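K.L.:
Structure: upload-v4.txt, compact mmCIF, C-alpha atoms (C1' of nucleotides).
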# COMPACT_ATOMS: atom_id res chain seq x y z
CA MET A 296 22.25 -32.14 4.34
CA ARG A 297 22.22 -28.39 4.47
CA SER A 298 19.92 -27.17 1.75
CA ILE A 299 20.07 -23.78 0.13
CA SER A 300 16.91 -22.94 2.05
CA ASP A 301 18.75 -23.61 5.29
CA VAL A 302 21.56 -21.35 4.21
CA ILE A 303 19.22 -18.54 3.30
CA GLU A 304 17.39 -19.01 6.57
CA ALA A 305 20.64 -18.73 8.52
CA HIS A 306 21.63 -15.65 6.59
CA LEU A 307 18.36 -13.91 7.29
CA LYS A 308 18.47 -14.85 10.96
CA ARG A 309 21.93 -13.39 11.24
CA LEU A 310 20.74 -10.19 9.60
CA ILE A 311 17.89 -9.99 12.07
CA ASP A 312 20.04 -10.76 15.09
CA THR A 313 22.70 -8.22 14.27
CA SER A 314 20.21 -5.48 13.51
CA GLU A 315 18.77 -2.96 15.89
CA GLY A 316 15.17 -3.71 16.61
CA GLY A 317 15.34 -7.23 15.24
CA VAL A 318 14.34 -6.30 11.72
CA ALA A 319 15.84 -7.31 8.39
CA GLU A 320 14.86 -5.65 5.15
CA VAL A 321 15.95 -7.27 1.92
CA GLN A 322 15.18 -7.25 -1.75
CA ARG A 323 14.01 -10.52 -3.13
CA VAL A 324 15.89 -10.49 -6.42
CA GLN A 325 19.11 -9.36 -4.82
CA LEU A 326 18.95 -12.06 -2.17
CA ALA A 327 18.17 -14.64 -4.83
CA GLU A 328 21.19 -13.52 -6.81
CA THR A 329 23.44 -13.71 -3.78
CA PHE A 330 22.51 -17.33 -3.25
CA ARG A 331 22.08 -18.14 -6.92
CA CYS A 332 18.53 -19.35 -6.73
CA VAL A 333 15.24 -18.32 -8.24
CA PRO A 334 13.39 -15.49 -6.49
CA SER A 335 10.48 -17.67 -5.48
CA GLN A 336 12.88 -19.72 -3.38
CA ILE A 337 12.96 -16.76 -1.03
CA ASN A 338 9.22 -17.01 -0.63
CA TYR A 339 9.55 -20.66 0.18
CA VAL A 340 12.09 -19.94 2.90
CA ILE A 341 9.93 -17.24 4.37
CA GLN A 342 6.79 -19.32 4.27
CA THR A 343 8.40 -22.27 5.97
CA ARG A 344 10.86 -20.61 8.37
CA PHE A 345 9.65 -17.16 9.23
CA THR A 346 6.10 -17.83 10.30
CA VAL A 347 4.37 -16.29 13.27
CA GLU A 348 4.50 -19.67 14.98
CA ARG A 349 8.27 -19.44 14.78
CA GLY A 350 8.20 -15.90 16.06
CA TYR A 351 8.49 -13.72 12.99
CA LEU A 352 6.32 -11.21 11.23
CA VAL A 353 6.81 -10.53 7.53
CA GLU A 354 5.74 -7.52 5.48
CA SER A 355 6.50 -6.72 1.88
CA LYS A 356 5.87 -4.30 -0.94
CA ARG A 357 6.01 -4.83 -4.71
CA GLY A 358 6.96 -2.46 -7.46
CA GLY A 359 9.78 0.04 -7.60
CA GLY A 360 11.43 0.36 -4.22
CA GLY A 361 9.89 -2.93 -3.18
CA TYR A 362 11.19 -4.93 -0.23
CA ILE A 363 10.65 -7.81 2.14
CA ARG A 364 10.86 -6.99 5.83
CA ILE A 365 11.16 -9.66 8.48
CA GLN A 366 10.68 -8.73 12.10
CA ARG A 367 11.31 -10.84 15.14
CA LEU A 368 8.49 -11.07 17.65
CA PHE A 369 8.92 -11.08 21.40
CA VAL A 370 7.92 -14.51 22.51
CA ASP A 371 9.19 -14.33 26.06
CA PRO A 372 7.53 -16.33 28.86
CA ASP A 373 5.32 -13.35 29.68
CA ASN A 374 3.45 -13.50 26.44
CA ALA A 375 3.97 -17.09 25.46
CA TRP A 376 0.26 -17.50 26.12
CA LEU A 377 -0.36 -15.15 23.21
CA MET A 378 1.39 -17.60 20.95
CA GLU A 379 -0.70 -20.41 22.37
CA LEU A 380 -3.77 -18.37 21.64
CA TYR A 381 -2.54 -17.88 18.12
CA GLU A 382 -2.11 -21.58 17.57
CA GLU A 383 -5.41 -22.33 19.19
CA ILE A 384 -7.19 -20.40 16.47
CA GLY A 385 -6.34 -22.77 13.68
CA GLU A 386 -8.18 -22.59 10.39
CA GLY A 387 -11.45 -21.24 11.65
CA ILE A 388 -13.01 -19.72 14.74
CA THR A 389 -16.54 -18.84 15.78
CA GLN A 390 -17.73 -15.44 16.84
CA THR A 391 -18.31 -16.62 20.40
CA ALA A 392 -14.84 -18.05 20.73
CA SER A 393 -13.34 -14.87 19.27
CA GLU A 394 -15.27 -12.70 21.68
CA GLY A 395 -13.92 -14.82 24.51
CA MET A 396 -10.39 -14.27 23.31
CA ILE A 397 -10.92 -10.55 22.90
CA TYR A 398 -12.24 -10.38 26.43
CA ARG A 399 -9.23 -12.25 27.78
CA LEU A 400 -6.86 -10.02 25.86
CA GLN A 401 -8.51 -6.97 27.29
CA GLU A 402 -8.47 -8.32 30.82
CA ALA A 403 -4.78 -9.01 30.43
CA GLY A 404 -4.18 -5.43 29.38
CA LYS A 405 -3.20 -6.38 25.86
CA LEU A 406 -6.09 -4.49 24.33
CA THR A 407 -7.74 -1.29 25.43
CA LEU A 408 -11.46 -1.25 25.95
CA ARG A 409 -11.91 0.62 22.73
CA GLU A 410 -9.68 -1.70 20.73
CA ALA A 411 -11.72 -4.59 22.05
CA GLU A 412 -14.90 -2.85 21.10
CA LEU A 413 -13.72 -2.13 17.55
CA LEU A 414 -12.44 -5.63 17.12
CA SER A 415 -15.64 -7.20 18.37
CA ALA A 416 -17.61 -5.18 15.87
CA LEU A 417 -15.30 -6.20 13.05
CA ILE A 418 -15.43 -9.93 13.69
CA HIS A 419 -19.20 -9.89 14.17
CA ARG A 420 -21.09 -12.16 11.79
CA GLN A 421 -23.16 -9.27 10.51
CA THR A 422 -20.06 -7.39 9.51
CA LEU A 423 -18.47 -10.34 7.79
CA ALA A 424 -21.74 -11.44 6.16
CA LEU A 425 -20.41 -14.56 4.53
CA GLU A 426 -21.46 -18.16 4.55
CA VAL A 427 -20.59 -19.62 7.93
CA ASN A 428 -17.52 -21.63 6.92
CA ASP A 429 -15.91 -18.79 4.99
CA ARG A 430 -16.82 -16.50 7.84
CA ASP A 431 -15.07 -18.60 10.45
CA ARG A 432 -11.98 -18.92 8.31
CA LEU A 433 -11.86 -15.20 7.66
CA ARG A 434 -12.35 -14.48 11.33
CA ALA A 435 -9.45 -16.79 12.08
CA ARG A 436 -7.19 -14.83 9.75
CA MET A 437 -8.29 -11.60 11.38
CA MET A 438 -7.72 -12.78 14.93
CA LYS A 439 -4.33 -14.18 13.98
CA ARG A 440 -3.23 -10.90 12.48
CA VAL A 441 -4.26 -9.05 15.61
CA ILE A 442 -2.38 -11.39 17.90
CA ALA A 443 0.68 -11.23 15.67
CA ILE A 444 0.68 -7.46 16.05
CA LEU A 445 0.31 -7.76 19.80
CA LEU A 446 3.33 -10.04 19.81
CA LYS A 447 5.39 -7.29 18.24
CA GLU A 448 5.32 -5.37 21.47
CA ALA A 449 7.10 -7.15 24.29
CA GLY A 450 4.52 -7.19 27.00
CA GLY A 451 4.07 -3.53 26.29
CA GLU A 452 1.19 -1.58 27.67
CA PRO A 453 -1.26 -0.90 24.87
CA ARG A 454 -1.99 2.69 25.83
CA ALA A 455 1.56 3.89 25.45
CA LEU A 456 1.06 4.42 21.75
CA MET B 13 14.96 1.24 -1.45
CA ARG B 14 12.82 4.32 -1.08
CA SER B 15 11.34 5.31 -4.39
CA ILE B 16 11.54 8.81 -5.77
CA SER B 17 7.81 9.09 -5.18
CA ASP B 18 8.38 8.52 -1.46
CA VAL B 19 11.03 11.22 -1.40
CA ILE B 20 8.81 13.72 -3.14
CA GLU B 21 5.97 12.85 -0.80
CA ALA B 22 8.15 13.47 2.23
CA HIS B 23 9.33 16.77 0.80
CA LEU B 24 5.79 17.99 0.20
CA LYS B 25 4.67 16.88 3.65
CA ARG B 26 7.50 18.82 5.20
CA LEU B 27 6.53 21.88 3.23
CA ILE B 28 2.96 21.55 4.44
CA ASP B 29 3.90 20.91 8.04
CA THR B 30 6.29 23.83 8.29
CA SER B 31 3.89 26.25 6.64
CA GLU B 32 1.30 28.38 8.32
CA GLY B 33 -2.15 27.16 7.49
CA GLY B 34 -1.00 23.79 6.28
CA VAL B 35 -0.59 24.77 2.67
CA ALA B 36 2.18 24.09 0.19
CA GLU B 37 2.34 25.80 -3.16
CA VAL B 38 4.80 24.54 -5.73
CA GLN B 39 5.50 24.65 -9.42
CA ARG B 40 5.37 21.31 -11.12
CA VAL B 41 8.31 21.73 -13.48
CA GLN B 42 10.54 23.18 -10.81
CA LEU B 43 9.76 20.38 -8.37
CA ALA B 44 10.38 17.83 -11.12
CA GLU B 45 13.76 19.41 -11.84
CA THR B 46 14.70 19.40 -8.18
CA PHE B 47 14.13 15.67 -7.99
CA ARG B 48 15.23 14.96 -11.56
CA CYS B 49 12.07 13.31 -12.74
CA VAL B 50 9.45 13.98 -15.37
CA PRO B 51 6.72 16.45 -14.44
CA SER B 52 3.97 13.88 -14.58
CA GLN B 53 5.68 12.07 -11.73
CA ILE B 54 4.49 14.90 -9.53
CA ASN B 55 0.93 14.15 -10.56
CA TYR B 56 1.45 10.53 -9.66
CA VAL B 57 2.66 11.44 -6.19
CA ILE B 58 -0.27 13.76 -5.65
CA GLN B 59 -2.81 11.26 -6.91
CA THR B 60 -1.51 8.47 -4.74
CA ARG B 61 -0.44 10.34 -1.59
CA PHE B 62 -2.43 13.51 -1.28
CA THR B 63 -5.90 12.19 -1.78
CA VAL B 64 -9.15 13.40 -0.29
CA GLU B 65 -9.33 10.24 1.80
CA ARG B 66 -6.12 11.28 3.45
CA GLY B 67 -7.50 14.71 4.06
CA TYR B 68 -5.84 16.85 1.45
CA LEU B 69 -7.26 19.30 -1.02
CA VAL B 70 -5.31 19.97 -4.20
CA GLU B 71 -5.85 22.94 -6.46
CA SER B 72 -3.83 24.00 -9.45
CA LYS B 73 -3.63 26.51 -12.22
CA ARG B 74 -1.98 26.23 -15.64
CA GLY B 75 -0.38 28.87 -17.74
CA GLY B 76 2.04 31.60 -16.74
CA GLY B 77 2.40 31.78 -12.97
CA GLY B 78 0.79 28.38 -12.71
CA TYR B 79 1.04 26.37 -9.50
CA ILE B 80 -0.05 23.32 -7.57
CA ARG B 81 -1.41 23.99 -4.12
CA ILE B 82 -1.84 21.24 -1.58
CA GLN B 83 -3.81 22.00 1.51
CA ARG B 84 -4.41 19.90 4.55
CA LEU B 85 -8.11 19.79 5.35
CA PHE B 86 -9.10 20.46 8.89
CA VAL B 87 -11.85 18.52 10.53
CA ASP B 88 -14.90 20.34 11.78
CA PRO B 89 -15.52 20.18 15.50
CA ASP B 90 -19.00 18.71 15.25
CA ASN B 91 -17.84 15.54 13.46
CA ALA B 92 -20.03 16.05 10.43
CA TRP B 93 -17.06 14.92 8.38
CA LEU B 94 -17.31 11.49 9.95
CA MET B 95 -20.77 11.18 8.50
CA GLU B 96 -19.47 12.30 5.13
CA LEU B 97 -16.72 9.74 5.36
CA TYR B 98 -19.29 7.11 6.14
CA GLU B 99 -21.34 8.01 3.10
CA GLU B 100 -18.34 8.14 0.83
CA ILE B 101 -17.70 4.47 1.41
CA GLY B 102 -20.72 3.15 -0.42
CA GLU B 103 -20.97 -0.50 -1.40
CA GLY B 104 -17.29 -1.18 -1.78
CA ILE B 105 -13.93 0.39 -1.04
CA THR B 106 -10.37 -0.44 -2.06
CA GLN B 107 -7.52 -1.11 0.32
CA THR B 108 -5.76 2.06 -0.76
CA ALA B 109 -8.79 4.26 -0.14
CA SER B 110 -9.36 2.62 3.25
CA GLU B 111 -5.77 3.14 4.26
CA GLY B 112 -6.17 6.78 3.29
CA MET B 113 -9.17 7.12 5.57
CA ILE B 114 -7.44 5.35 8.43
CA TYR B 115 -4.48 7.66 7.99
CA ARG B 116 -6.72 10.67 8.19
CA LEU B 117 -8.68 9.39 11.17
CA GLN B 118 -5.43 8.93 12.98
CA GLU B 119 -4.13 12.36 12.01
CA ALA B 120 -7.37 13.80 13.32
CA GLY B 121 -6.89 12.05 16.63
CA LYS B 122 -9.89 9.79 16.15
CA LEU B 123 -7.74 6.67 16.20
CA THR B 124 -4.59 5.91 18.11
CA LEU B 125 -1.52 4.78 16.22
CA ARG B 126 -2.11 1.25 17.36
CA GLU B 127 -5.77 1.23 16.45
CA ALA B 128 -4.77 2.44 13.02
CA GLU B 129 -2.18 -0.30 12.75
CA LEU B 130 -4.61 -3.01 13.79
CA LEU B 131 -7.25 -1.70 11.46
CA SER B 132 -4.87 -1.49 8.52
CA ALA B 133 -3.87 -5.09 9.07
CA LEU B 134 -7.49 -6.18 9.26
CA ILE B 135 -8.62 -4.54 6.03
CA HIS B 136 -5.52 -5.73 4.16
CA ARG B 137 -6.23 -7.86 1.12
CA GLN B 138 -4.10 -10.69 2.43
CA THR B 139 -6.17 -10.85 5.60
CA LEU B 140 -9.48 -10.76 3.77
CA ALA B 141 -8.26 -13.14 1.06
CA LEU B 142 -11.41 -13.03 -1.02
CA GLU B 143 -12.08 -12.34 -4.66
CA VAL B 144 -11.61 -8.64 -5.29
CA ASN B 145 -15.30 -7.62 -5.47
CA ASP B 146 -16.30 -9.48 -2.33
CA ARG B 147 -13.22 -8.13 -0.67
CA ASP B 148 -14.08 -4.51 -1.42
CA ARG B 149 -17.63 -4.99 -0.26
CA LEU B 150 -16.55 -6.63 2.98
CA ARG B 151 -14.01 -3.90 3.55
CA ALA B 152 -16.76 -1.34 3.10
CA ARG B 153 -18.83 -3.00 5.80
CA MET B 154 -15.85 -3.05 8.13
CA MET B 155 -14.97 0.60 7.61
CA LYS B 156 -18.58 1.59 8.10
CA ARG B 157 -18.75 -0.27 11.38
CA VAL B 158 -15.64 1.48 12.61
CA ILE B 159 -16.89 4.91 11.65
CA ALA B 160 -20.25 4.14 13.18
CA ILE B 161 -18.53 3.46 16.47
CA LEU B 162 -16.55 6.66 16.23
CA LEU B 163 -19.76 8.55 15.51
CA LYS B 164 -21.42 7.03 18.53
CA GLU B 165 -18.56 8.16 20.73
CA ALA B 166 -18.54 11.60 19.17
CA GLY B 167 -21.98 12.11 20.61
CA GLY B 168 -20.70 11.90 24.17
CA GLU B 169 -17.82 13.68 25.77
CA PRO B 170 -14.58 13.72 23.76
CA ARG B 171 -12.53 10.61 24.29
CA ALA B 172 -9.24 10.61 26.02
CA LEU B 173 -6.86 9.11 23.52
C1' DA C 64 -10.86 47.46 -25.81
C1' DC C 65 -11.02 43.30 -28.77
C1' DT C 66 -9.13 39.47 -30.97
C1' DG C 67 -6.02 36.18 -32.34
C1' DT C 68 -1.45 34.09 -31.58
C1' DT C 69 2.19 32.37 -28.89
C1' DA C 70 4.40 31.07 -24.59
C1' DT C 71 3.91 28.95 -20.37
C1' DT C 72 2.28 26.30 -17.47
C1' DA C 73 -0.38 21.76 -15.66
C1' DG C 74 -3.28 17.25 -16.76
C1' DT C 75 -4.15 12.65 -18.82
C1' DC C 76 -3.25 8.28 -20.27
C1' DA C 77 -1.11 4.32 -21.77
C1' DA C 78 3.07 1.78 -22.20
C1' DG C 79 7.08 0.04 -20.04
C1' DG C 80 9.98 -1.13 -15.99
C1' DA C 81 10.71 -2.91 -11.36
C1' DT C 82 9.45 -5.50 -7.79
C1' DA C 83 7.18 -9.34 -5.13
C1' DG C 84 3.48 -13.38 -4.93
C1' DT C 85 1.30 -17.83 -6.35
C1' DC C 86 1.06 -22.30 -7.85
C1' DA C 87 2.10 -26.60 -9.37
C1' DA C 88 5.30 -29.70 -11.55
C1' DG C 89 9.65 -31.88 -11.03
C1' DA C 90 13.80 -33.07 -8.19
C1' DT C 91 15.89 -34.61 -4.10
C1' DC C 92 16.32 -36.33 0.48
C1' DA C 93 15.54 -39.31 4.69
C1' DT D 133 7.67 -43.45 -0.50
C1' DG D 134 6.35 -39.42 1.63
C1' DA D 135 8.20 -35.03 2.93
C1' DT D 136 10.85 -31.32 1.70
C1' DC D 137 13.10 -28.55 -1.57
C1' DT D 138 13.81 -26.29 -6.23
C1' DT D 139 12.35 -24.21 -10.39
C1' DG D 140 9.93 -21.42 -13.67
C1' DA D 141 5.79 -19.71 -15.87
C1' DC D 142 2.30 -16.70 -14.87
C1' DT D 143 0.21 -12.96 -12.02
C1' DA D 144 -0.33 -8.70 -9.08
C1' DT D 145 1.18 -4.36 -7.63
C1' DC D 146 3.61 -0.15 -7.71
C1' DC D 147 6.54 3.22 -10.00
C1' DT D 148 8.53 5.86 -14.07
C1' DT D 149 8.41 7.88 -18.51
C1' DG D 150 6.92 10.46 -22.42
C1' DA D 151 3.72 11.79 -26.04
C1' DC D 152 -0.28 14.20 -26.40
C1' DT D 153 -3.86 17.46 -24.48
C1' DA D 154 -5.84 21.51 -22.04
C1' DA D 155 -5.89 25.81 -19.69
C1' DT D 156 -4.17 30.34 -18.72
C1' DA D 157 -1.37 34.31 -19.34
C1' DA D 158 1.12 37.53 -22.17
C1' DC D 159 1.49 39.96 -26.08
C1' DA D 160 0.84 41.88 -30.68
C1' DG D 161 -2.08 43.91 -34.11
C1' DT D 162 -6.12 46.38 -35.05
Would you kindly transcribe this structure into structure tokens?

P.N.:
Amino acid sequence: MRSISDVIEAHLKRLIDTSEGGVAEVQRVQLAETFRCVPSQINYVIQTRFTVERGYLVESKRGGGGYIRIQRLFVDPDNAWLMELYEEIGEGITQTASEGMIYRLQEAGKLTLREAELLSALIHRQTLALEVNDRDRLRARMMKRVIAILLKEAGGEPRAL
Amino acid sequence: MRSISDVIEAHLKRLIDTSEGGVAEVQRVQLAETFRCVPSQINYVIQTRFTVERGYLVESKRGGGGYIRIQRLFVDPDNAWLMELYEEIGEGITQTASEGMIYRLQEAGKLTLREAELLSALIHRQTLALEVNDRDRLRARMMKRVIAILLKEAGGEPRAL
DNA sequence: ACTGTTATTAGTCAAGGATAGTCAAGATCA
DNA sequence: TGATCTTGACTATCCTTGACTAATAACAGT
């Protein structure tokens, strides 16, 4: 059975594939009207189909002129290991494990020395200053965001920007 | 999709960028007429887009011959402004204010575009995902760490960015 | 000159409008 | 029967509008 979610998913994928740069920008209400569903259905589709694990990055803005933007990530063989790293993180990650990842990312040329330095400072337990479980979960969210951004650039050299 | 506020912001930025000395001087009513909005909309744009955090100084005068003058602040060569920025943060800082600072740090060449992007993602409320007070306090610690690192570097020879 | 009045600006604030997000209950499917 | 999907009430965020306020200039009367 092809659910309405599947239809919306297909529609968005087509938008992304036919666009330049692999980006689709839509308005939630308008999309919901097109497919005659409630707006929150769109969120459901995005949360289940356009995750980083599936190779997409989603940004949005509320209020007047609001939008939802879905961008395809470059998950080619060259940076498939980034995706593995992403999945490895899970719900929580320790400072030591994060530092290891940051080091690897830098060695692989995915992060500059300075980016690595900034990141290390930010994920440090003294900076986060929360109870250990919350801390590890927060650090996981941070590391995941970073890797998702790295996946936006297809094996690109970090200094070029 | 773009809101009228975005359009007005872009217009003012262009005025500033094409001027000598980085100053734009406009009349509120006239600008409002140009973009067919109420005058107070101009105040909204200025209050949300041309803040001190972003490195702008706004002066105005009422009455006949009144005006609004927006000036881009220049950074002093000895990085004293970084220290001021650090002190401005205090115990907590909002996402909007942080984004303003990151914007300015990038404009001033203290952060690369990518560093700014990573940082913005890291201080985003969705990444932090804490109750608003804890969130603002954590964000303050993060921003302070970043600026501390920039200050440390400022002591040595200027960085190649 | 001085003083008061009017015209001409800009500022403030709160309400309303326009988006999107969250969550959990109910419906449907495999 | 458990997983997935659908729905809607409630929330969060950002933008727009307009009534009211405040400051400054211009002018008129003395």

K.L.:
To one decimal in Å, tell me the separation between atom CA of A:Ile303 and atom CA of A:Leu368.

P.N.:
19.4 Å

K.L.:
Name all residues at most 10 Å from stretch 141-158 of chain D (count all atoms listed in the file; drop same-chain ones fewer than 4 positions away) and give them as a PyMOL selection string.

P.N.:
(chain A and resi 356-361) or (chain B and resi 15-17+49-53+56-57+73-78) or (chain C and resi 69-86)

K.L.:
Within 10 Å of (0.4, 24.4, 5.1) (coordinates as in the file), grab all the protein and nucleic acid residues, counting all atoms listed in the file, and write them out as a list in words.

P.N.:
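Every residue inside that radius is included here: Leu24, Lys25, Arg26, Leu27, Ile28, Asp29, Thr30, Ser31, Glu32, Gly33, Gly34, Val35, Ala36, Glu37, Arg81, Ile82, Gln83, Arg84 and Leu85 of chain B.
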
K.L.:
Could you superimpose chain A onto chain B using all C-alpha atoms, paired one by one in order, and tell me the resulting RMSD in Å?

P.N.:
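Root-mean-square deviation of the C-alpha atoms: 11.8 Å.
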
K.L.:
Atom CA of A:Tyr351 and atom CA of A:Leu446 are how many Å apart?

P.N.:
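The value is 9.3 Å.
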
K.L.:
Identify which of the residues B:Asp18, B:Gln39, B:Asp148, B:Leu142 lies closest to chain C, counting all atoms listed in the file when measuring atom-to-atom distances.

P.N.:
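Smallest separation from chain C among the options: B:Gln39.
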
K.L.:
Could you state the separation of atom CA of B:Ala160 and atom CA of A:Arg440 in Å, given to one decimal place?

P.N.:
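Interatomic distance, atom CA of B:Ala160 to atom CA of A:Arg440: 22.7 Å.
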
K.L.:
Got a sec to pull out which chain A residues are within 7 Å of chain B, counting all atoms listed in the file, and send them as an MDAnalysis selection string?

P.N.:
chainID A and resid 359:361 410 413 416:417 422:423 433 436:437 440:441 456

K.L.:
Using all atoms listed in the file, determine which residues lie at most 10 Å from C:DT68, disregarding the query and same-chain residues fewer than 2 positions distant; provide the list as a PyMOL selection string.

P.N.:
(chain C and resi 66+70) or (chain D and resi 159-160)
